[in-house]
$ cat run33.txt   # compact mmCIF, C-alpha atoms and all ligand atoms
# COMPACT_ATOMS: atom_id res chain seq x y z
CA MET A 1 -77.48 41.51 -2.88
CA SER A 2 -74.87 40.54 -0.27
CA GLU A 3 -72.85 37.31 -0.50
CA PRO A 4 -74.21 34.27 1.40
CA THR A 5 -72.32 33.50 4.62
CA ALA A 6 -71.56 30.38 6.63
CA ALA A 7 -69.84 29.44 9.90
CA LEU A 8 -68.00 26.20 10.60
CA VAL A 9 -67.63 24.57 14.03
CA LEU A 10 -65.14 21.69 14.17
CA GLY A 11 -65.42 19.18 17.02
CA ALA A 12 -69.01 20.24 17.48
CA SER A 13 -70.34 17.89 20.15
CA GLY A 14 -68.33 19.31 23.07
CA GLY A 15 -69.74 21.54 25.81
CA LEU A 16 -68.23 24.76 24.48
CA ALA A 17 -68.78 23.78 20.84
CA GLN A 18 -72.53 23.23 21.23
CA ALA A 19 -72.94 26.66 22.84
CA ILE A 20 -70.86 28.20 20.01
CA VAL A 21 -73.07 26.49 17.39
CA SER A 22 -76.18 27.97 19.09
CA GLU A 23 -74.61 31.44 19.33
CA LEU A 24 -73.63 31.39 15.64
CA MET A 25 -77.11 30.16 14.65
CA ALA A 26 -78.60 33.18 16.44
CA ASP A 27 -76.33 35.57 14.49
CA ALA A 28 -78.31 37.31 11.76
CA ALA A 29 -75.10 37.89 9.77
CA ILE A 30 -74.63 34.12 9.31
CA ASP A 31 -76.91 32.25 6.90
CA ARG A 32 -75.77 28.67 7.57
CA VAL A 33 -73.94 26.96 10.43
CA ILE A 34 -72.04 23.75 9.67
CA ALA A 35 -71.03 21.46 12.52
CA VAL A 36 -68.46 18.65 12.20
CA SER A 37 -68.09 15.93 14.81
CA ARG A 38 -67.28 12.29 15.50
CA HIS A 39 -70.79 12.01 16.93
CA SER A 40 -74.29 12.38 15.54
CA ALA A 41 -76.13 15.64 16.17
CA PRO A 42 -77.58 16.08 19.67
CA ALA A 43 -81.41 15.89 19.62
CA HIS A 44 -81.91 19.64 20.12
CA PHE A 45 -79.91 20.33 16.92
CA SER A 46 -81.27 17.58 14.69
CA SER A 47 -84.97 18.42 14.88
CA GLY A 48 -86.29 20.47 11.96
CA ALA A 49 -84.69 22.37 9.09
CA ALA A 50 -83.54 25.19 11.37
CA GLY A 51 -80.66 23.16 12.84
CA PRO A 52 -77.04 23.28 11.69
CA LEU A 53 -75.82 21.16 8.80
CA TRP A 54 -74.26 18.33 10.84
CA ILE A 55 -71.44 16.26 9.31
CA GLU A 56 -70.07 13.14 11.03
CA THR A 57 -66.46 12.14 10.49
CA GLU A 58 -63.44 10.58 12.08
CA TYR A 59 -60.27 12.68 12.26
CA SER A 60 -57.87 10.84 9.94
CA GLU A 61 -56.49 13.18 7.28
CA PRO A 62 -58.29 11.38 4.39
CA ALA A 63 -61.63 11.53 6.25
CA MET A 64 -61.11 15.23 7.01
CA ALA A 65 -60.24 15.87 3.35
CA THR A 66 -63.55 14.23 2.37
CA VAL A 67 -65.39 16.63 4.72
CA VAL A 68 -63.62 19.57 3.09
CA GLU A 69 -64.73 18.28 -0.36
CA GLN A 70 -68.31 18.14 0.94
CA LEU A 71 -67.94 21.79 1.96
CA GLN A 72 -67.04 22.96 -1.57
CA PRO A 73 -70.51 24.53 -2.12
CA PHE A 74 -69.60 26.93 0.74
CA ALA A 75 -66.29 28.04 -0.81
CA GLY A 76 -65.78 31.77 -0.22
CA GLN A 77 -68.83 31.95 2.06
CA ILE A 78 -67.26 30.87 5.35
CA ILE A 79 -66.76 33.90 7.62
CA ARG A 80 -66.22 32.09 10.96
CA VAL A 81 -64.35 28.89 11.84
CA VAL A 82 -64.15 27.66 15.43
CA ILE A 83 -61.85 24.70 16.12
CA CYS A 84 -62.91 23.12 19.40
CA HIS A 85 -60.87 19.91 19.69
CA GLY A 86 -59.23 19.30 23.04
CA ILE A 87 -58.71 16.51 25.55
CA LEU A 88 -57.35 16.69 29.08
CA HIS A 89 -58.47 13.37 30.58
CA GLY A 90 -60.16 10.19 29.39
CA ASP A 91 -59.85 6.41 29.47
CA ASN A 92 -56.36 5.68 30.83
CA LEU A 93 -55.53 9.38 30.52
CA TRP A 94 -55.07 11.81 33.39
CA PRO A 95 -53.05 15.06 33.56
CA GLU A 96 -49.59 14.30 34.93
CA LYS A 97 -48.63 15.52 38.41
CA ARG A 98 -45.02 14.34 38.35
CA LEU A 99 -42.32 12.97 36.07
CA GLU A 100 -43.28 9.34 36.70
CA ASP A 101 -46.76 10.00 35.24
CA ILE A 102 -45.41 10.94 31.79
CA SER A 103 -46.12 8.29 29.14
CA ALA A 104 -45.36 8.27 25.43
CA GLU A 105 -48.84 6.90 24.65
CA SER A 106 -50.64 9.70 26.56
CA LEU A 107 -48.43 12.36 24.97
CA GLN A 108 -49.26 11.02 21.50
CA THR A 109 -53.01 10.82 22.23
CA VAL A 110 -53.17 14.36 23.60
CA PHE A 111 -50.98 15.89 20.87
CA GLN A 112 -53.05 14.17 18.17
CA ALA A 113 -56.33 15.66 19.42
CA ASN A 114 -55.09 19.06 20.65
CA THR A 115 -52.45 19.96 18.07
CA VAL A 116 -52.45 17.69 15.00
CA VAL A 117 -56.19 17.68 14.26
CA PRO A 118 -56.59 21.51 14.47
CA VAL A 119 -53.53 22.04 12.26
CA LEU A 120 -54.74 19.53 9.66
CA TRP A 121 -58.05 21.41 9.42
CA LEU A 122 -56.21 24.65 8.66
CA LYS A 123 -54.02 22.87 6.12
CA LEU A 124 -57.07 21.39 4.34
CA LEU A 125 -59.39 24.41 4.56
CA HIS A 126 -57.22 27.21 3.18
CA ARG A 127 -58.61 27.21 -0.40
CA LEU A 128 -62.17 27.12 0.87
CA LEU A 129 -61.58 30.13 3.14
CA LYS A 130 -60.00 32.32 0.46
CA SER A 131 -62.56 35.00 -0.34
CA LYS A 132 -63.36 38.69 -0.66
CA GLN A 133 -65.21 38.38 2.65
CA ARG A 134 -63.34 38.70 5.96
CA CYS A 135 -63.06 35.39 7.78
CA VAL A 136 -62.09 34.91 11.43
CA VAL A 137 -60.77 31.56 12.67
CA ALA A 138 -60.57 30.80 16.40
CA ALA A 139 -58.87 27.71 17.78
CA LEU A 140 -59.68 26.88 21.39
CA SER A 141 -56.31 26.85 23.12
CA ALA A 142 -55.74 27.42 26.86
CA ARG A 143 -53.82 29.78 29.13
CA VAL A 144 -51.86 26.80 30.46
CA GLY A 145 -50.27 26.62 26.99
CA SER A 146 -48.46 29.88 27.77
CA ILE A 147 -44.76 29.16 28.40
CA GLY A 148 -44.26 32.52 30.17
CA ASP A 149 -47.28 31.93 32.42
CA ASN A 150 -46.23 28.43 33.54
CA HIS A 151 -45.42 28.85 37.24
CA LEU A 152 -47.10 25.70 38.56
CA GLY A 153 -45.75 22.91 36.30
CA GLY A 154 -47.58 19.60 35.85
CA TRP A 155 -50.10 18.72 33.12
CA TYR A 156 -47.18 18.01 30.76
CA ALA A 157 -49.14 16.68 27.79
CA TYR A 158 -52.01 19.19 27.86
CA ARG A 159 -49.77 22.24 28.47
CA SER A 160 -47.26 21.32 25.81
CA SER A 161 -49.91 20.33 23.23
CA LYS A 162 -51.48 23.78 23.60
CA ALA A 163 -48.06 25.50 23.45
CA ALA A 164 -47.39 23.52 20.26
CA LEU A 165 -50.83 24.49 18.95
CA ASN A 166 -49.99 28.15 19.56
CA MET A 167 -46.71 27.81 17.64
CA MET A 168 -48.49 26.02 14.78
CA LEU A 169 -51.12 28.78 14.66
CA ARG A 170 -48.44 31.47 14.66
CA THR A 171 -46.66 29.76 11.78
CA LEU A 172 -49.93 29.22 9.90
CA SER A 173 -50.83 32.90 10.41
CA ILE A 174 -47.62 33.94 8.67
CA GLU A 175 -48.37 31.73 5.63
CA TYR A 176 -52.07 32.63 5.59
CA ALA A 177 -51.10 36.35 5.59
CA ARG A 178 -49.38 35.67 2.24
CA ARG A 179 -51.83 33.20 0.72
CA VAL A 180 -55.26 33.70 2.33
CA LYS A 181 -55.17 37.38 3.20
CA ASN A 182 -58.83 37.65 4.22
CA VAL A 183 -58.32 35.41 7.28
CA LYS A 184 -57.51 36.37 10.87
CA ILE A 185 -56.52 33.60 13.32
CA ILE A 186 -57.10 33.77 17.08
CA SER A 187 -55.80 31.34 19.70
CA PHE A 188 -58.52 31.58 22.35
CA HIS A 189 -58.55 30.81 26.08
CA PRO A 190 -62.15 30.37 27.20
CA GLY A 191 -61.48 30.52 30.95
CA THR A 192 -62.52 27.61 33.14
CA THR A 193 -65.88 26.61 31.72
CA ASP A 194 -68.39 24.10 33.02
CA THR A 195 -67.98 21.20 30.58
CA ALA A 196 -66.98 17.52 30.75
CA LEU A 197 -63.35 18.56 30.22
CA SER A 198 -63.13 20.67 33.39
CA LYS A 199 -65.59 18.64 35.53
CA PRO A 200 -62.99 16.75 37.64
CA PHE A 201 -61.08 19.98 38.37
CA GLN A 202 -63.94 22.34 39.26
CA ALA A 203 -63.91 21.88 43.06
CA SER A 204 -61.06 24.39 43.54
CA VAL A 205 -62.56 26.97 41.14
CA PRO A 206 -64.53 29.83 42.80
CA SER A 207 -68.11 29.89 41.43
CA ASP A 208 -67.64 33.35 39.86
CA LYS A 209 -64.60 32.00 37.94
CA LEU A 210 -66.45 28.99 36.50
CA PHE A 211 -68.15 30.18 33.33
CA THR A 212 -71.15 28.75 31.51
CA PRO A 213 -70.49 27.64 27.92
CA GLU A 214 -73.17 30.13 26.80
CA PHE A 215 -71.30 33.06 28.41
CA VAL A 216 -68.02 32.05 26.76
CA ALA A 217 -69.70 31.47 23.37
CA GLU A 218 -71.15 34.98 23.47
CA ARG A 219 -67.74 36.47 24.38
CA LEU A 220 -65.92 34.53 21.67
CA CYS A 221 -68.42 35.39 18.94
CA GLY A 222 -68.24 39.09 19.94
CA ILE A 223 -64.43 39.01 19.79
CA MET A 224 -64.50 37.28 16.38
CA ALA A 225 -67.03 39.77 14.98
CA ALA A 226 -64.81 42.71 16.00
CA ALA A 227 -61.40 41.23 15.09
CA GLU A 228 -59.26 43.15 12.61
CA ILE A 229 -57.77 41.26 9.65
CA ASP A 230 -54.13 42.07 10.42
CA GLY A 231 -52.26 38.92 9.34
CA GLN A 232 -51.20 38.28 12.96
CA LEU A 233 -52.04 35.53 15.41
CA SER A 234 -53.71 36.90 18.55
CA TYR A 235 -53.61 34.89 21.81
CA LEU A 236 -56.65 36.17 23.68
CA ASP A 237 -58.73 35.25 26.68
CA TRP A 238 -62.52 35.40 27.09
CA ASP A 239 -62.16 39.06 28.17
CA ASN A 240 -60.37 39.95 24.92
CA LYS A 241 -57.10 40.44 26.85
CA SER A 242 -53.79 39.28 25.35
CA ILE A 243 -52.02 36.36 27.03
CA PRO A 244 -48.19 36.29 27.13
CA TRP A 245 -46.66 33.57 24.95
N1 LIG B 1 -63.68 23.76 29.65
C1 LIG B 1 -62.63 24.45 30.06
O1 LIG B 1 -62.53 24.85 31.23
C2 LIG B 1 -61.54 24.81 29.09
C3 LIG B 1 -60.50 25.65 29.52
C4 LIG B 1 -59.48 25.97 28.64
C5 LIG B 1 -59.51 25.50 27.34
N2 LIG B 1 -60.53 24.68 26.94
C6 LIG B 1 -60.49 24.16 25.56
O2 LIG B 1 -61.75 24.35 24.95
C7 LIG B 1 -61.96 23.32 23.96
C8 LIG B 1 -63.34 22.69 24.13
O3 LIG B 1 -63.37 22.00 25.36
P1 LIG B 1 -64.72 21.66 26.16
O4 LIG B 1 -64.54 22.24 27.50
O5 LIG B 1 -65.91 22.01 25.37
O6 LIG B 1 -64.55 20.08 26.29
P2 LIG B 1 -65.47 18.87 25.85
O7 LIG B 1 -66.89 19.14 26.15
O8 LIG B 1 -64.83 17.68 26.49
O9 LIG B 1 -65.28 18.83 24.25
C9 LIG B 1 -64.19 18.15 23.70
C10 LIG B 1 -63.96 18.53 22.27
O10 LIG B 1 -62.80 17.85 21.77
C11 LIG B 1 -63.14 17.03 20.65
N3 LIG B 1 -62.43 15.75 20.86
C12 LIG B 1 -62.52 14.91 21.93
N4 LIG B 1 -61.71 13.85 21.77
C13 LIG B 1 -61.08 14.04 20.57
C14 LIG B 1 -60.13 13.29 19.85
N5 LIG B 1 -59.64 12.12 20.30
N6 LIG B 1 -59.70 13.78 18.65
C15 LIG B 1 -60.16 14.95 18.17
N7 LIG B 1 -61.10 15.70 18.82
C16 LIG B 1 -61.54 15.24 20.00
C17 LIG B 1 -64.64 16.88 20.66
O11 LIG B 1 -65.09 16.82 19.30
P3 LIG B 1 -66.23 15.77 18.76
O12 LIG B 1 -67.45 16.58 18.53
O13 LIG B 1 -65.70 15.22 17.50
O14 LIG B 1 -66.41 14.73 19.83
C18 LIG B 1 -65.07 18.19 21.35
O15 LIG B 1 -65.07 19.26 20.45
C19 LIG B 1 -60.79 22.34 24.10
O16 LIG B 1 -59.81 22.65 23.13
C20 LIG B 1 -60.24 22.66 25.49
O17 LIG B 1 -58.86 22.35 25.59
C21 LIG B 1 -61.54 24.32 27.77
$ encode --input "run33.txt" --output "structure tokens"
Amino acid sequence: MSEPTAALVLGASGGLAQAIVSELMADAAIDRVIAVSRHSAPAHFSSGAAGPLWIETEYSEPAMATVVEQLQPFAGQIIRVVICHGILHGDNLWPEKRLEDISAESLQTVFQANTVVPVLWLKLLHRLLKSKQRCVVAALSARVGSIGDNHLGGWYAYRSSKAALNMMLRTLSIEYARRVKNVKIISFHPGTTDTALSKPFQASVPSDKLFTPEFVAERLCGIMAAAEIDGQLSYLDWDNKSIPW
């Protein structure tokens, strides 16, 4: 009999995350989907036993460690992890257009959500992911986190938090290759996708370049299913093409 399998979606209430939860639930290779969020499960996930296991938490390190303890029964079974945390705008938070818009408070808020929380998950999860089964981790990054691709400027906090996330993931990949050899890490750019995060910026996006979350979820899950366990971080877009660092 084959080993049981599970998938973990972190930051599960977002537009992309919900589509990823649904895509993973439809995957016959995955027995159980676990979703972790600050919010309670949306109605379409909470009804009936067929929904994901939904865990509510805040994102302090002790609270996240408690979630990881709760996940102990799934040790060695997790074959997919998708880290979805990301903020671009919010209350008193808007992407900077010029130097005068930069504020220490906004930088700290954005770095906490986009860089610190994803990295803490990978710190806390490593023992749970160690297994004989191959496990693919994707963190939702963004093309604007590419230093080489930055020709427009602006969006200081968001860009630099994603560049920092990429560096963290690269560094984690090197240590995971020594200590958790069954894991492959991908830094993933979904493309501009129709969610609350991109809503205020969609007017200038041609309709064929604005993806549905379902389309992106299908692409990401396909890329994760095919990924080779090579001990390297890959920085890939929705079309499975490499992005320059
Ligand atoms: N949509 C796009 O066009 C686009 C393009 C490039 C990259 N991305 C990236 O894709 C990811 C998902 O974005 P989305 O479009 O699905 O946006 P979304 O619908 O706004 O979802 C936001 C996500 O961030 C988490 N989050 C929000 N505030 C947080 C905070 N203060 N601390 C920690 N986590 C927080 C939420 O988790 P909870 O469930 O806990 O609320 C949720 O997973 C993000 O990393 C984003 O940067 C999106």
$ residues_around --input "run33.txt" --residues "region 76-86 of chain A" --least-positions-apart "3" --cutoff "8 Å" --atoms "all atoms listed in the file" --output "MDAnalysis selection string"
chainID A and resid 3:12 14 16:17 110 113:114 117:118 128:140 224
$ atom_distance --input "run33.txt" --atom1 "CA of Val183 (chain A)" --atom2 "atom C20 of ligand LIG 1 (chain B)"
22.3 Å
$ residues_around --input "run33.txt" --residues "Arg170 (chain A)" --least-positions-apart "2" --cutoff "12 Å" --atoms "all atoms listed in the file" --output "VMD selection string"
chain A and resid 119 122 139 163 to 168 172 to 177 184 to 187 231 to 235 245
$ axis_aligned_box --input "run33.txt" --around "region 214-232 of chain A" --padding-each-side "8 Å" --output "JSON"
{"center_x": -62.2, "center_y": 36.6, "center_z": 18.9, "size_x": 38.0, "size_y": 29.0, "size_z": 35.1}
$ atom_distance --input "run33.txt" --atom1 "atom P3 of ligand LIG 1 (chain B)" --atom2 "CA of Val33 (chain A)"
15.9 Å
$ residues_near_point --input "run33.txt" --point "(-72.1, 17.2, 30.3)" --cutoff "7 Å" --atoms "only C-alpha atoms" --output "list of chain:residue names"
A:Gly15, A:Thr195, A:Ala196
$ closest_residue --input "run33.txt" --among "A:Leu93, A:Ser106, A:Val205, A:Thr115" --to "Lys162 (chain A)" --atoms "only C-alpha atoms"
A:Thr115
$ atom_distance --input "run33.txt" --atom1 "CA of Glu228 (chain A)" --atom2 "CA of Trp54 (chain A)"
29.1 Å
$ residues_near_point --input "run33.txt" --point "(-54.9, 36.8, 30.0)" --cutoff "10 Å" --atoms "all atoms listed in the file" --output "list in words"
Ala142, Arg143, Ser146, Asp149, Phe188, His189, Gly191, Tyr235, Leu236, Asp237, Trp238, Asp239, Asn240, Lys241, Ser242, Ile243 and Pro244 of chain A
$ closest_residue --input "run33.txt" --among "A:Asp91, A:Glu218, A:Asp31, A:Asp101" --to "ligand LIG 1 (chain B)" --atoms "only C-alpha atoms and all ligand atoms"
A:Asp91
$ closest_residue --input "run33.txt" --among "A:Pro52, A:Ser46, A:Ser141, A:Glu100" --to "Ile30 (chain A)" --atoms "all atoms listed in the file"
A:Pro52
$ closest_residue --input "run33.txt" --among "A:Ala63, A:Val68, A:Leu88, A:Val21" --to "ligand LIG 1 (chain B)" --atoms "all atoms listed in the file"
A:Leu88
$ closest_residue --input "run33.txt" --among "A:Thr193, A:Ser2, A:Asn150, A:Thr109" --to "Ala19 (chain A)" --atoms "all atoms listed in the file"
A:Thr193
$ decode --input "run33.txt" --residues "region 89-101 of chain A" --atoms "all heavy atoms" --output "PDB file, in the first residue's frame"
ATOM      1  N   HIS A  89      -1.139  46.431  -0.759  1.00  0.00           N
ATOM      2  CA  HIS A  89      -1.847  47.635  -0.306  1.00  0.00           C
ATOM      3  C   HIS A  89      -2.760  47.235   0.842  1.00  0.00           C
ATOM      4  O   HIS A  89      -3.016  46.038   1.059  1.00  0.00           O
ATOM      5  CB  HIS A  89      -2.660  48.249  -1.454  1.00  0.00           C
ATOM      6  CG  HIS A  89      -3.662  47.302  -2.042  1.00  0.00           C
ATOM      7  ND1 HIS A  89      -4.942  47.155  -1.549  1.00  0.00           N
ATOM      8  CD2 HIS A  89      -3.550  46.412  -3.068  1.00  0.00           C
ATOM      9  CE1 HIS A  89      -5.573  46.247  -2.256  1.00  0.00           C
ATOM     10  NE2 HIS A  89      -4.753  45.759  -3.179  1.00  0.00           N
ATOM     11  N   GLY A  90      -3.245  48.218   1.569  1.00  0.00           N
ATOM     12  CA  GLY A  90      -4.143  47.936   2.700  1.00  0.00           C
ATOM     13  C   GLY A  90      -4.429  49.233   3.431  1.00  0.00           C
ATOM     14  O   GLY A  90      -4.164  50.315   2.887  1.00  0.00           O
ATOM     15  N   ASP A  91      -4.941  49.125   4.659  1.00  0.00           N
ATOM     16  CA  ASP A  91      -5.205  50.325   5.449  1.00  0.00           C
ATOM     17  C   ASP A  91      -3.901  51.095   5.614  1.00  0.00           C
ATOM     18  O   ASP A  91      -2.913  50.538   6.101  1.00  0.00           O
ATOM     19  CB  ASP A  91      -5.722  49.944   6.857  1.00  0.00           C
ATOM     20  CG  ASP A  91      -7.048  49.205   6.763  1.00  0.00           C
ATOM     21  OD1 ASP A  91      -7.710  49.321   5.712  1.00  0.00           O
ATOM     22  OD2 ASP A  91      -7.400  48.496   7.731  1.00  0.00           O
ATOM     23  N   ASN A  92      -3.903  52.345   5.236  1.00  0.00           N
ATOM     24  CA  ASN A  92      -2.704  53.199   5.344  1.00  0.00           C
ATOM     25  C   ASN A  92      -1.474  52.626   4.636  1.00  0.00           C
ATOM     26  O   ASN A  92      -0.334  52.867   5.039  1.00  0.00           O
ATOM     27  CB  ASN A  92      -2.323  53.442   6.820  1.00  0.00           C
ATOM     28  CG  ASN A  92      -3.465  54.056   7.592  1.00  0.00           C
ATOM     29  OD1 ASN A  92      -4.135  54.948   7.087  1.00  0.00           O
ATOM     30  ND2 ASN A  92      -3.712  53.548   8.805  1.00  0.00           N
ATOM     31  N   LEU A  93      -1.717  51.823   3.618  1.00  0.00           N
ATOM     32  CA  LEU A  93      -0.586  51.199   2.905  1.00  0.00           C
ATOM     33  C   LEU A  93      -0.868  51.242   1.401  1.00  0.00           C
ATOM     34  O   LEU A  93      -1.905  50.740   0.944  1.00  0.00           O
ATOM     35  CB  LEU A  93      -0.454  49.737   3.369  1.00  0.00           C
ATOM     36  CG  LEU A  93       0.668  48.928   2.752  1.00  0.00           C
ATOM     37  CD1 LEU A  93       2.015  49.418   3.263  1.00  0.00           C
ATOM     38  CD2 LEU A  93       0.490  47.446   3.078  1.00  0.00           C
ATOM     39  N   TRP A  94       0.062  51.858   0.682  1.00  0.00           N
ATOM     40  CA  TRP A  94      -0.104  51.951  -0.775  1.00  0.00           C
ATOM     41  C   TRP A  94       1.276  51.864  -1.406  1.00  0.00           C
ATOM     42  O   TRP A  94       2.239  52.418  -0.863  1.00  0.00           O
ATOM     43  CB  TRP A  94      -0.780  53.296  -1.141  1.00  0.00           C
ATOM     44  CG  TRP A  94      -1.292  53.300  -2.538  1.00  0.00           C
ATOM     45  CD1 TRP A  94      -0.741  53.966  -3.593  1.00  0.00           C
ATOM     46  CD2 TRP A  94      -2.423  52.585  -3.043  1.00  0.00           C
ATOM     47  NE1 TRP A  94      -1.464  53.715  -4.735  1.00  0.00           N
ATOM     48  CE2 TRP A  94      -2.498  52.865  -4.422  1.00  0.00           C
ATOM     49  CE3 TRP A  94      -3.366  51.732  -2.474  1.00  0.00           C
ATOM     50  CZ2 TRP A  94      -3.485  52.324  -5.238  1.00  0.00           C
ATOM     51  CZ3 TRP A  94      -4.344  51.191  -3.284  1.00  0.00           C
ATOM     52  CH2 TRP A  94      -4.406  51.482  -4.647  1.00  0.00           C
ATOM     53  N   PRO A  95       1.451  51.156  -2.537  1.00  0.00           N
ATOM     54  CA  PRO A  95       2.792  51.053  -3.118  1.00  0.00           C
ATOM     55  C   PRO A  95       3.374  52.430  -3.456  1.00  0.00           C
ATOM     56  O   PRO A  95       2.688  53.264  -4.047  1.00  0.00           O
ATOM     57  CB  PRO A  95       2.598  50.188  -4.364  1.00  0.00           C
ATOM     58  CG  PRO A  95       1.158  49.923  -4.505  1.00  0.00           C
ATOM     59  CD  PRO A  95       0.452  50.368  -3.277  1.00  0.00           C
ATOM     60  N   GLU A  96       4.625  52.627  -3.081  1.00  0.00           N
ATOM     61  CA  GLU A  96       5.257  53.939  -3.198  1.00  0.00           C
ATOM     62  C   GLU A  96       5.527  54.296  -4.660  1.00  0.00           C
ATOM     63  O   GLU A  96       5.996  53.457  -5.422  1.00  0.00           O
ATOM     64  CB  GLU A  96       6.611  53.940  -2.456  1.00  0.00           C
ATOM     65  CG  GLU A  96       6.570  53.432  -1.022  1.00  0.00           C
ATOM     66  CD  GLU A  96       6.752  51.918  -0.929  1.00  0.00           C
ATOM     67  OE1 GLU A  96       6.588  51.211  -1.950  1.00  0.00           O
ATOM     68  OE2 GLU A  96       7.061  51.425   0.170  1.00  0.00           O
ATOM     69  N   LYS A  97       5.265  55.562  -5.005  1.00  0.00           N
ATOM     70  CA  LYS A  97       5.599  56.041  -6.362  1.00  0.00           C
ATOM     71  C   LYS A  97       6.901  56.814  -6.340  1.00  0.00           C
ATOM     72  O   LYS A  97       7.580  56.928  -7.346  1.00  0.00           O
ATOM     73  CB  LYS A  97       4.494  56.965  -6.860  1.00  0.00           C
ATOM     74  CG  LYS A  97       3.204  56.228  -7.234  1.00  0.00           C
ATOM     75  CD  LYS A  97       2.362  57.088  -8.169  1.00  0.00           C
ATOM     76  CE  LYS A  97       1.160  56.314  -8.652  1.00  0.00           C
ATOM     77  NZ  LYS A  97      -0.097  56.919  -8.274  1.00  0.00           N
ATOM     78  N   ARG A  98       7.240  57.410  -5.212  1.00  0.00           N
ATOM     79  CA  ARG A  98       8.444  58.253  -5.162  1.00  0.00           C
ATOM     80  C   ARG A  98       9.045  58.217  -3.762  1.00  0.00           C
ATOM     81  O   ARG A  98       8.409  57.725  -2.815  1.00  0.00           O
ATOM     82  CB  ARG A  98       8.118  59.675  -5.579  1.00  0.00           C
ATOM     83  CG  ARG A  98       6.957  60.259  -4.817  1.00  0.00           C
ATOM     84  CD  ARG A  98       6.453  61.553  -5.414  1.00  0.00           C
ATOM     85  NE  ARG A  98       5.747  62.293  -4.370  1.00  0.00           N
ATOM     86  CZ  ARG A  98       5.917  63.558  -4.089  1.00  0.00           C
ATOM     87  NH1 ARG A  98       6.783  64.288  -4.763  1.00  0.00           N
ATOM     88  NH2 ARG A  98       5.239  64.135  -3.129  1.00  0.00           N
ATOM     89  N   LEU A  99      10.248  58.732  -3.648  1.00  0.00           N
ATOM     90  CA  LEU A  99      11.007  58.661  -2.397  1.00  0.00           C
ATOM     91  C   LEU A  99      10.198  59.113  -1.184  1.00  0.00           C
ATOM     92  O   LEU A  99      10.238  58.481  -0.122  1.00  0.00           O
ATOM     93  CB  LEU A  99      12.242  59.566  -2.487  1.00  0.00           C
ATOM     94  CG  LEU A  99      13.344  59.133  -3.449  1.00  0.00           C
ATOM     95  CD1 LEU A  99      14.384  60.235  -3.574  1.00  0.00           C
ATOM     96  CD2 LEU A  99      13.989  57.855  -2.924  1.00  0.00           C
ATOM     97  N   GLU A 100       9.443  60.212  -1.369  1.00  0.00           N
ATOM     98  CA  GLU A 100       8.708  60.784  -0.235  1.00  0.00           C
ATOM     99  C   GLU A 100       7.654  59.826   0.312  1.00  0.00           C
ATOM    100  O   GLU A 100       7.168  60.001   1.431  1.00  0.00           O
ATOM    101  CB  GLU A 100       8.033  62.107  -0.638  1.00  0.00           C
ATOM    102  CG  GLU A 100       8.978  63.278  -0.838  1.00  0.00           C
ATOM    103  CD  GLU A 100       9.693  63.283  -2.201  1.00  0.00           C
ATOM    104  OE1 GLU A 100       9.556  62.294  -2.963  1.00  0.00           O
ATOM    105  OE2 GLU A 100      10.393  64.261  -2.480  1.00  0.00           O
ATOM    106  N   ASP A 101       7.259  58.835  -0.476  1.00  0.00           N
ATOM    107  CA  ASP A 101       6.218  57.889  -0.021  1.00  0.00           C
ATOM    108  C   ASP A 101       6.782  56.791   0.882  1.00  0.00           C
ATOM    109  O   ASP A 101       6.024  56.029   1.491  1.00  0.00           O
ATOM    110  CB  ASP A 101       5.550  57.206  -1.235  1.00  0.00           C
ATOM    111  CG  ASP A 101       4.836  58.204  -2.134  1.00  0.00           C
ATOM    112  OD1 ASP A 101       4.446  59.269  -1.628  1.00  0.00           O
ATOM    113  OD2 ASP A 101       4.688  57.906  -3.337  1.00  0.00           O
TER     114      ASP A 101
END
